[in-house]
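What follows is the content of target18.cif (mmCIF, C-alpha atoms).
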```
data_run
loop_
_atom_site.group_PDB
_atom_site.id
_atom_site.type_symbol
_atom_site.label_atom_id
_atom_site.label_comp_id
_atom_site.auth_asym_id
_atom_site.auth_seq_id
_atom_site.Cartn_x
_atom_site.Cartn_y
_atom_site.Cartn_z
ATOM 1 C CA MET A 88 54.770 -10.788 7.020
ATOM 2 C CA PRO A 89 54.233 -7.072 7.913
ATOM 3 C CA PRO A 90 50.797 -5.581 7.154
ATOM 4 C CA ARG A 91 50.347 -3.671 3.936
ATOM 5 C CA ARG A 92 50.171 0.118 3.975
ATOM 6 C CA LYS A 93 47.959 0.636 0.907
ATOM 7 C CA LEU A 94 44.565 -0.494 -0.404
ATOM 8 C CA ASN A 95 43.205 -0.386 -3.925
ATOM 9 C CA GLU A 96 39.952 1.455 -4.638
ATOM 10 C CA PHE A 97 37.769 -1.666 -4.385
ATOM 11 C CA GLU A 98 39.263 -2.625 -1.009
ATOM 12 C CA ARG A 99 38.778 0.917 0.318
ATOM 13 C CA GLY A 100 35.091 0.722 -0.652
ATOM 14 C CA ARG A 101 34.717 -2.605 1.159
ATOM 15 C CA ALA A 102 36.417 -1.196 4.244
ATOM 16 C CA VAL A 103 34.013 1.774 4.395
ATOM 17 C CA ALA A 104 30.993 -0.510 3.869
ATOM 18 C CA TRP A 105 32.102 -2.866 6.652
ATOM 19 C CA PHE A 106 32.709 0.023 9.028
ATOM 20 C CA GLN A 107 29.257 1.501 8.273
ATOM 21 C CA ASP A 108 27.747 -1.927 8.996
ATOM 22 C CA GLY A 109 29.273 -1.826 12.483
ATOM 23 C CA VAL A 110 32.423 -3.901 11.971
ATOM 24 C CA PRO A 111 35.188 -2.591 14.297
ATOM 25 C CA LYS A 112 38.163 -0.880 12.681
ATOM 26 C CA ARG A 113 40.572 -3.490 13.999
ATOM 27 C CA GLU A 114 38.514 -6.302 12.461
ATOM 28 C CA VAL A 115 38.342 -4.452 9.126
ATOM 29 C CA ALA A 116 42.122 -4.089 9.203
ATOM 30 C CA ARG A 117 42.515 -7.813 9.968
ATOM 31 C CA ARG A 118 40.254 -8.823 7.082
ATOM 32 C CA LEU A 119 42.160 -6.662 4.604
ATOM 33 C CA GLN A 120 45.565 -7.473 6.139
ATOM 34 C CA VAL A 121 46.589 -3.835 6.574
ATOM 35 C CA SER A 122 47.703 -1.688 9.462
ATOM 36 C CA ILE A 123 44.818 -0.333 11.564
ATOM 37 C CA SER A 124 46.125 3.194 10.958
ATOM 38 C CA VAL A 125 45.198 2.772 7.261
ATOM 39 C CA ILE A 126 41.579 2.071 8.209
ATOM 40 C CA VAL A 127 41.484 4.896 10.767
ATOM 41 C CA ARG A 128 42.615 7.478 8.193
ATOM 42 C CA LEU A 129 40.168 6.128 5.625
ATOM 43 C CA VAL A 130 37.059 6.320 7.834
ATOM 44 C CA GLN A 131 38.066 9.768 9.073
ATOM 45 C CA ARG A 132 38.509 11.096 5.532
ATOM 46 C CA PHE A 133 35.394 9.525 3.967
ATOM 47 C CA PRO A 134 32.700 11.666 5.791
ATOM 48 C CA ALA A 135 34.465 14.856 4.654
ATOM 49 C CA THR A 136 35.095 13.907 1.024
ATOM 50 C CA GLY A 137 32.445 11.266 0.341
ATOM 51 C CA ARG A 138 35.004 9.450 -1.812
ATOM 52 C CA VAL A 139 37.287 6.447 -1.362
ATOM 53 C CA GLN A 140 39.823 7.465 -4.017
ATOM 54 C CA GLU A 141 43.242 8.504 -2.774
ATOM 55 C CA ARG A 142 43.987 12.230 -2.684
ATOM 56 C CA ARG A 143 46.326 13.581 -5.292
ATOM 57 C CA ARG A 144 49.789 14.012 -3.880
ATOM 58 C CA PRO A 145 52.129 16.847 -4.827
ATOM 59 C CA GLY A 146 55.189 15.834 -6.803
ATOM 60 C CA ARG A 147 57.170 16.374 -9.936
ATOM 61 C CA PRO A 148 54.952 15.973 -13.037
ATOM 62 C CA LYS A 149 55.796 13.164 -15.449
ATOM 63 C CA LYS A 150 57.758 14.177 -18.530
ATOM 64 C CA THR A 151 55.917 11.661 -20.711
ATOM 65 C CA THR A 152 52.273 11.412 -21.699
ATOM 66 C CA PRO A 153 50.244 8.175 -21.458
ATOM 67 C CA ARG A 154 50.579 7.854 -25.258
ATOM 68 C CA GLU A 155 54.368 8.112 -25.030
ATOM 69 C CA ASP A 156 54.394 5.586 -22.190
ATOM 70 C CA ARG A 157 52.521 3.099 -24.392
ATOM 71 C CA LEU A 158 54.975 3.774 -27.216
ATOM 72 C CA ILE A 159 57.906 2.994 -24.908
ATOM 73 C CA GLU A 160 56.270 -0.299 -23.940
ATOM 74 C CA ARG A 161 55.566 -1.165 -27.593
ATOM 75 C CA LEU A 162 59.160 -0.439 -28.637
ATOM 76 C CA ALA A 163 60.490 -2.744 -25.920
ATOM 77 C CA LEU A 164 58.076 -5.547 -26.864
ATOM 78 C CA GLN A 165 58.854 -5.243 -30.582
ATOM 79 C CA THR A 166 62.607 -5.627 -29.980
ATOM 80 C CA ARG A 167 63.138 -7.369 -26.667
ATOM 81 C CA THR A 168 66.912 -6.932 -26.812
ATOM 82 C CA ALA A 169 66.762 -3.148 -27.327
ATOM 83 C CA SER A 170 68.643 -1.245 -24.615
ATOM 84 C CA SER A 171 67.166 1.766 -22.833
ATOM 85 C CA SER A 172 69.458 4.053 -24.864
ATOM 86 C CA ILE A 173 68.122 2.647 -28.147
ATOM 87 C CA ILE A 174 64.504 3.026 -26.994
ATOM 88 C CA ARG A 175 65.316 6.589 -25.891
ATOM 89 C CA ARG A 176 66.605 7.465 -29.376
ATOM 90 C CA GLN A 177 63.609 5.839 -31.076
ATOM 91 C CA LEU A 178 61.219 7.773 -28.831
ATOM 92 C CA ARG A 179 63.002 11.041 -29.583
ATOM 93 C CA VAL A 180 62.732 10.440 -33.336
ATOM 94 C CA ALA A 181 59.046 9.510 -33.120
ATOM 95 C CA THR A 182 57.784 12.185 -30.679
ATOM 96 C CA ASN A 183 60.635 14.684 -30.256
ATOM 97 C CA THR A 184 60.556 13.900 -26.511
ATOM 98 C CA ASN A 185 63.969 13.927 -24.830
ATOM 99 C CA ILE A 186 64.094 11.955 -21.597
ATOM 100 C CA SER A 187 66.799 10.066 -19.718
ATOM 101 C CA GLN A 188 67.552 6.356 -19.947
ATOM 102 C CA GLN A 189 66.488 5.992 -16.314
ATOM 103 C CA THR A 190 63.064 7.410 -17.198
ATOM 104 C CA ILE A 191 62.800 4.796 -19.957
ATOM 105 C CA ARG A 192 63.573 2.074 -17.431
ATOM 106 C CA ASN A 193 61.091 3.545 -14.943
ATOM 107 C CA ARG A 194 58.294 3.481 -17.521
ATOM 108 C CA LEU A 195 59.084 -0.102 -18.482
ATOM 109 C CA HIS A 196 59.070 -1.100 -14.818
ATOM 110 C CA GLU A 197 55.580 0.405 -14.540
ATOM 111 C CA PHE A 198 54.533 -2.042 -17.277
ATOM 112 C CA SER A 199 56.193 -4.884 -15.280
ATOM 113 C CA LEU A 200 58.985 -5.197 -17.852
ATOM 114 C CA ARG A 201 62.415 -5.931 -16.356
ATOM 115 C CA SER A 202 65.806 -6.362 -17.963
ATOM 116 C CA ARG A 203 66.884 -9.998 -17.658
ATOM 117 C CA ARG A 204 69.354 -12.348 -19.275
ATOM 118 C CA PRO A 205 67.575 -14.480 -21.894
ATOM 119 C CA ALA A 206 66.935 -18.155 -21.331
ATOM 120 C CA VAL A 207 69.028 -20.350 -23.629
ATOM 121 C CA ARG A 208 67.834 -23.353 -25.635
ATOM 122 C CA PRO A 209 69.131 -25.373 -28.582
ATOM 123 C CA ARG A 210 67.869 -24.335 -31.984
ATOM 124 C CA LEU A 211 64.999 -26.668 -32.917
ATOM 125 C CA THR A 212 63.528 -27.068 -36.375
ATOM 126 C CA PRO A 213 59.809 -27.904 -36.887
ATOM 127 C CA ALA A 214 60.876 -31.520 -37.485
ATOM 128 C CA HIS A 215 62.670 -31.615 -34.121
ATOM 129 C CA ARG A 216 59.602 -30.243 -32.343
ATOM 130 C CA ALA A 217 57.242 -32.698 -34.056
ATOM 131 C CA ALA A 218 59.489 -35.672 -33.200
ATOM 132 C CA ARG A 219 59.705 -34.634 -29.546
ATOM 133 C CA ARG A 220 55.933 -34.239 -29.265
ATOM 134 C CA ALA A 221 55.418 -37.656 -30.856
ATOM 135 C CA PHE A 222 57.889 -39.266 -28.430
ATOM 136 C CA CYS A 223 56.112 -37.705 -25.445
ATOM 137 C CA ARG A 224 52.707 -38.888 -26.635
ATOM 138 C CA ARG A 225 53.962 -42.462 -27.094
ATOM 139 C CA HIS A 226 55.388 -42.668 -23.585
ATOM 140 C CA VAL A 227 53.168 -40.341 -21.572
ATOM 141 C CA ARG A 228 51.711 -43.235 -19.541
ATOM 142 C CA TRP A 229 54.964 -44.993 -18.736
ATOM 143 C CA THR A 230 55.558 -45.735 -15.047
ATOM 144 C CA ARG A 231 58.669 -45.046 -12.986
ATOM 145 C CA GLN A 232 59.461 -48.781 -13.116
ATOM 146 C CA GLN A 233 59.381 -48.795 -16.902
ATOM 147 C CA TRP A 234 61.645 -45.738 -17.138
ATOM 148 C CA SER A 235 64.086 -47.302 -14.669
ATOM 149 C CA GLN A 236 64.817 -49.990 -17.299
ATOM 150 C CA VAL A 237 65.909 -47.423 -19.892
ATOM 151 C CA LEU A 238 69.583 -46.629 -20.526
ATOM 152 C CA PHE A 239 69.903 -43.141 -22.018
ATOM 153 C CA SER A 240 73.006 -42.412 -24.080
ATOM 154 C CA ASP A 241 74.271 -39.544 -26.160
ATOM 155 C CA GLU A 242 77.395 -37.663 -27.094
ATOM 156 C CA SER A 243 77.792 -33.971 -26.359
ATOM 157 C CA ARG A 244 80.268 -31.345 -27.459
ATOM 158 C CA PHE A 245 81.404 -28.706 -24.959
ATOM 159 C CA THR A 246 82.903 -25.483 -26.235
ATOM 160 C CA LEU A 247 86.048 -24.069 -24.703
ATOM 161 C CA ASN A 248 85.068 -20.516 -25.652
ATOM 162 C CA HIS A 249 81.590 -18.998 -25.370
ATOM 163 C CA ASN A 250 79.970 -15.584 -25.377
ATOM 164 C CA ASP A 251 80.033 -13.375 -22.283
ATOM 165 C CA ASP A 252 76.214 -13.454 -21.788
ATOM 166 C CA ARG A 253 75.915 -9.672 -21.905
ATOM 167 C CA LEU A 254 72.767 -9.808 -24.015
ATOM 168 C CA ARG A 255 69.663 -8.814 -22.045
ATOM 169 C CA VAL A 256 65.960 -8.788 -22.886
ATOM 170 C CA TRP A 257 62.873 -6.985 -21.591
ATOM 171 C CA ARG A 258 60.333 -9.392 -20.156
ATOM 172 C CA ARG A 259 57.546 -9.675 -17.616
ATOM 173 C CA GLN A 260 57.267 -12.255 -14.859
ATOM 174 C CA GLY A 261 56.305 -15.584 -16.411
ATOM 175 C CA GLU A 262 57.755 -14.735 -19.856
ATOM 176 C CA ARG A 263 61.158 -16.406 -19.425
ATOM 177 C CA CYS A 264 60.578 -19.168 -21.976
ATOM 178 C CA ILE A 265 58.528 -17.444 -24.668
ATOM 179 C CA ASP A 266 60.195 -17.283 -28.086
ATOM 180 C CA ALA A 267 60.688 -13.502 -27.956
ATOM 181 C CA THR A 268 62.866 -13.677 -24.812
ATOM 182 C CA VAL A 269 64.909 -16.823 -25.518
ATOM 183 C CA GLN A 270 68.371 -16.856 -27.064
ATOM 184 C CA GLU A 271 69.045 -19.737 -29.439
ATOM 185 C CA LYS A 272 72.584 -21.062 -29.745
ATOM 186 C CA VAL A 273 74.243 -23.225 -32.323
ATOM 187 C CA ALA A 274 77.424 -25.218 -31.898
ATOM 188 C CA PHE A 275 80.324 -24.524 -31.825
ATOM 189 C CA GLY A 276 82.604 -21.552 -31.373
ATOM 190 C CA GLY A 277 86.276 -21.876 -30.543
ATOM 191 C CA GLY A 278 87.756 -25.193 -29.540
ATOM 192 C CA SER A 279 85.604 -27.992 -28.198
ATOM 193 C CA VAL A 280 85.643 -31.361 -26.452
ATOM 194 C CA MET A 281 83.253 -34.213 -27.271
ATOM 195 C CA VAL A 282 82.298 -36.884 -24.742
ATOM 196 C CA TRP A 283 79.929 -39.885 -24.790
ATOM 197 C CA GLY A 284 78.058 -41.214 -21.795
ATOM 198 C CA ALA A 285 75.010 -43.208 -20.735
ATOM 199 C CA PHE A 286 72.909 -43.469 -17.575
ATOM 200 C CA SER A 287 69.758 -45.041 -16.166
ATOM 201 C CA LEU A 288 67.974 -44.629 -12.860
ATOM 202 C CA HIS A 289 70.481 -46.881 -11.061
ATOM 203 C CA HIS A 290 73.417 -47.218 -13.475
ATOM 204 C CA ARG A 291 75.811 -45.100 -15.457
ATOM 205 C CA THR A 292 78.803 -45.571 -17.716
ATOM 206 C CA PRO A 293 82.130 -43.749 -17.485
ATOM 207 C CA LEU A 294 82.447 -40.700 -19.702
ATOM 208 C CA PHE A 295 84.299 -41.499 -22.896
ATOM 209 C CA HIS A 296 86.416 -38.721 -24.433
ATOM 210 C CA VAL A 297 85.888 -38.847 -28.189
ATOM 211 C CA GLN A 298 89.103 -37.884 -29.971
ATOM 212 C CA GLY A 299 89.224 -37.358 -33.702
ATOM 213 C CA ASN A 300 86.564 -38.626 -36.098
ATOM 214 C CA LEU A 301 84.192 -41.186 -34.606
ATOM 215 C CA THR A 302 83.768 -43.829 -37.315
ATOM 216 C CA GLY A 303 81.320 -46.711 -37.194
ATOM 217 C CA LEU A 304 84.071 -49.186 -36.276
ATOM 218 C CA ARG A 305 85.384 -46.948 -33.500
ATOM 219 C CA TYR A 306 81.862 -46.449 -32.173
ATOM 220 C CA ARG A 307 81.367 -50.220 -32.010
ATOM 221 C CA ASP A 308 84.783 -51.141 -30.600
ATOM 222 C CA GLU A 309 85.422 -48.202 -28.222
ATOM 223 C CA ILE A 310 81.903 -47.388 -26.978
ATOM 224 C CA LEU A 311 79.267 -50.045 -27.652
ATOM 225 C CA ARG A 312 81.138 -53.189 -26.644
ATOM 226 C CA PRO A 313 83.215 -51.956 -23.662
ATOM 227 C CA LEU A 314 80.724 -49.428 -22.216
ATOM 228 C CA ALA A 315 77.112 -49.886 -23.373
ATOM 229 C CA VAL A 316 76.944 -53.702 -23.315
ATOM 230 C CA PRO A 317 78.211 -54.256 -19.712
ATOM 231 C CA THR A 318 75.815 -51.605 -18.398
ATOM 232 C CA LEU A 319 72.839 -53.131 -20.220
ATOM 233 C CA GLN A 320 73.778 -56.555 -18.816
ATOM 234 C CA GLN A 321 73.859 -55.140 -15.294
ATOM 235 C CA MET A 322 70.371 -53.697 -15.790
ATOM 236 C CA GLY A 323 68.892 -57.107 -16.609
ATOM 237 C CA PRO A 324 66.905 -58.697 -19.448
ATOM 238 C CA GLN A 325 64.245 -55.958 -19.492
ATOM 239 C CA ALA A 326 66.759 -53.203 -20.217
ATOM 240 C CA VAL A 327 66.001 -50.837 -23.084
ATOM 241 C CA TRP A 328 68.666 -48.709 -24.748
ATOM 242 C CA TYR A 329 67.627 -45.162 -25.648
ATOM 243 C CA PHE A 330 69.879 -43.360 -28.074
ATOM 244 C CA PHE A 331 69.789 -40.571 -30.638
ATOM 245 C CA THR A 332 70.165 -41.633 -34.218
ATOM 246 C CA TRP A 333 69.804 -40.217 -37.676
ATOM 247 C CA GLU A 334 69.919 -41.407 -41.241
ATOM 248 C CA GLY A 335 72.978 -41.153 -43.414
ATOM 249 C CA LYS A 336 73.062 -40.557 -47.149
ATOM 250 C CA GLY A 337 70.495 -42.566 -49.092
ATOM 251 C CA GLY A 338 68.560 -43.455 -45.916
ATOM 252 C CA GLN A 339 71.402 -45.572 -44.534
ATOM 253 C CA ARG A 340 71.025 -46.248 -40.819
ATOM 254 C CA LEU A 341 74.090 -45.470 -38.730
ATOM 255 C CA PRO A 342 75.970 -47.778 -36.288
ATOM 256 C CA ALA A 343 73.871 -47.669 -33.103
ATOM 257 C CA ALA A 344 70.640 -48.704 -34.829
ATOM 258 C CA VAL A 345 72.336 -51.432 -36.885
ATOM 259 C CA TRP A 346 74.260 -52.847 -33.919
ATOM 260 C CA SER A 347 71.222 -52.960 -31.594
ATOM 261 C CA GLN A 348 69.203 -54.829 -34.222
ATOM 262 C CA GLN A 349 71.979 -57.339 -34.988
ATOM 263 C CA ASN A 350 72.584 -58.080 -31.284
ATOM 264 C CA GLY A 351 68.951 -58.313 -30.213
ATOM 265 C CA VAL A 352 69.099 -55.275 -27.915
ATOM 266 C CA ALA A 353 65.754 -53.608 -27.285
ATOM 267 C CA SER A 354 66.107 -49.963 -28.228
ATOM 268 C CA MET A 355 64.249 -46.681 -28.378
ATOM 269 C CA GLN A 356 65.521 -44.344 -31.082
ATOM 270 C CA SER A 357 65.031 -40.616 -31.310
ATOM 271 C CA ARG A 358 65.562 -38.379 -34.314
ATOM 272 C CA SER A 359 64.636 -35.236 -32.426
ATOM 273 C CA GLN A 360 68.127 -34.124 -31.486
ATOM 274 C CA PRO A 361 69.188 -30.817 -33.051
ATOM 275 C CA ASP A 362 72.460 -30.651 -34.948
#
```

Give the structure from the file, written as structure tokens.
Amino acid sequence: MPPRRKLNEFERGRAVAWFQDGVPKREVARRLQVSISVIVRLVQRFPATGRVQERRRPGRPKKTTPREDRLIERLALQTRTASSSIIRRQLRVATNTNISQQTIRNRLHEFSLRSRRPAVRPRLTPAHRAARRAFCRRHVRWTRQQWSQVLFSDESRFTLNHNDDRLRVWRRQGERCIDATVQEKVAFGGGSVMVWGAFSLHHRTPLFHVQGNLTGLRYRDEILRPLAVPTLQQMGPQAVWYFFTWEGKGGQRLPAAVWSQQNGVASMQSRSQPD
């Protein structure tokens, strides 16, 4: 890693203090992990100026004031998906300041805000979140051996058409998964394909392509008996079947829960799956 070329004000003060205490310039540079030329210029400049602050450099003055810079940051944080052109227009309305979109981006970069594609997650209701937390608390102390006896199963629908992911958000490093920078998606746009599958640490079933409406009888005859049962038998007597379930009208339990109870299959049920 090449040595740094700049020091902050605190580090410059330490460097001067070390040098005045007799520490060689090369050792000061090693401690601060900078080039020795940085230390040489600093100790040469300090006797003349008596200050460790950097000298002001000539350059083009900023077109925005600190207050306008804070407004730009606030506009981006209030609407994370706002483009630089939208923020530019909002700034012009609020302060009558006309600057370029690149200047908007430069100011946001100074606040460590970068334009990124949002993380994507399923839309979860408060009930979904509560159920997932409860499941985690119940099984937080399970060992790898215990989890290896669990057969996870679920059906998933895959869309044939989806958006082009052009939406972008302003976020800082470490903010990828906060609510303000995450895009929630709901199923399903365009055509879709539904499949069922199950897996454990050492076993898995073939994927089953679900065609048409999946009734209780079809679920039993086309999925449970030919796919789930043989896999559970291969896993041994300690196998546990984990599946998503929900309640039908009037609190009626649907096929997986009923079948597992009637056939003496140990099961773990979850109602935390979003629609």

Take the PyMOL selection byres ((chain A and resi 284) around 10), apply it to the structure above, and return the hits as a ChimeraX atom specification. /A:239-243,282-283,285-286,291-296,310,314-315

Output file for the selection above: C-alpha atoms, as a tab-separated table (two decimals), keeping the file's coordinate frame:
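New file again_6.tsv:
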```tsv
chain	number	residue	atom	x	y	z
A	239	PHE	CA	69.90	-43.14	-22.02
A	240	SER	CA	73.01	-42.41	-24.08
A	241	ASP	CA	74.27	-39.54	-26.16
A	242	GLU	CA	77.40	-37.66	-27.09
A	243	SER	CA	77.79	-33.97	-26.36
A	282	VAL	CA	82.30	-36.88	-24.74
A	283	TRP	CA	79.93	-39.88	-24.79
A	285	ALA	CA	75.01	-43.21	-20.74
A	286	PHE	CA	72.91	-43.47	-17.58
A	291	ARG	CA	75.81	-45.10	-15.46
A	292	THR	CA	78.80	-45.57	-17.72
A	293	PRO	CA	82.13	-43.75	-17.48
A	294	LEU	CA	82.45	-40.70	-19.70
A	295	PHE	CA	84.30	-41.50	-22.90
A	296	HIS	CA	86.42	-38.72	-24.43
A	310	ILE	CA	81.90	-47.39	-26.98
A	314	LEU	CA	80.72	-49.43	-22.22
A	315	ALA	CA	77.11	-49.89	-23.37
```

Kindly resolve the PyMOL selection byres ((chain A and resi 153-158) around 8) on the present coordinates and return the residues as JSON, numbers by chain. {"A": [151, 152, 159, 160, 161, 162, 178, 182, 194]}

Take atom CA of Val269 of chain A and atom CA of Ala206 of chain A and report the distance between them in Å, one decimal.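 These atoms are spaced 4.8 Å apart.
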
Quick one: apply the PyMOL selection byres ((chain A and resi 106) around 12) to the file and drop the selected residues here as a ChimeraX atom specification. /A:99-105,107-116,118,126-127,129-131,133

Would you mind telling me which residue in A:Arg225, A:Ser354, A:Thr190, A:Gln165 lies nearest to Lys150 of chain A when using all atoms listed in the file?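 Of the candidates, the smallest distance to Lys150 of chain A is held by A:Thr190.
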
Could you work out how far atom CA of Val256 of chain A lies from atom CA of Leu200 of chain A, giving the answer in Å with one decimal?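 So the two atoms, atom CA of Leu200 of chain A and atom CA of Val256 of chain A, lie 9.3 Å apart.
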
Within 9 Å of Trp257 of chain A, counting only C-alpha atoms, which residues qualify if same-chain residues fewer than 2 places away don't, as an NGL selection string? :A and (163-164 or 166-170 or 195 or 200-205 or 255 or 259 or 268)

Here is a test: counting all atoms listed in the file, which residue of A:Val125, A:Cys223, A:Leu119, A:Val327 is nearest to Val352 of chain A?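 The answer is A:Val327, which sits nearest to Val352 of chain A.
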
For Phe222 of chain A, the nearest of the candidates A:Met355, A:Ala326, A:Leu288, A:Ala135, counting all atoms listed in the file: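 Between A:Met355, A:Ala326, A:Leu288, A:Ala135, the residue approaching Phe222 of chain A most closely is A:Met355.
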
So what do you get for atom CA of Leu304 of chain A versus atom CA of Val345 of chain A, distance-wise? 12.0 Å

Selection: 12 Å around Arg312 of chain A, all atoms listed in the file, excl. self and same-chain fewer than 5 positions, as a VMD selection string: chain A and resid 292 304 to 307 317 to 320 343 346 to 347 350

Can you tell me which residues surround Pro324 of chain A at a distance of at most 12 Å, considering all atoms listed in the file, apart from same-chain residues fewer than 6 positions away, and format the answer as a compact mmCIF listing (two decimals) with C-alpha atoms, in the frame of the given file?
```txt
# COMPACT_ATOMS: atom_id res chain seq x y z
CA GLN A 236 64.82 -49.99 -17.30
CA VAL A 237 65.91 -47.42 -19.89
CA VAL A 316 76.94 -53.70 -23.32
CA THR A 318 75.82 -51.60 -18.40
CA GLY A 351 68.95 -58.31 -30.21
CA VAL A 352 69.10 -55.28 -27.92
CA ALA A 353 65.75 -53.61 -27.28
```

Counting all atoms listed in the file, which residue out of A:Glu271, A:Tyr329, A:Ser287, A:Arg258 sits closest to Arg231 of chain A? A:Ser287

Ranking A:Asn193, A:Gln188, A:Thr246, A:Gln270 by minimum distance to Leu211 of chain A and counting all atoms listed in the file, which one comes first?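 That would be A:Gln270, the residue with the smallest distance to Leu211 of chain A.
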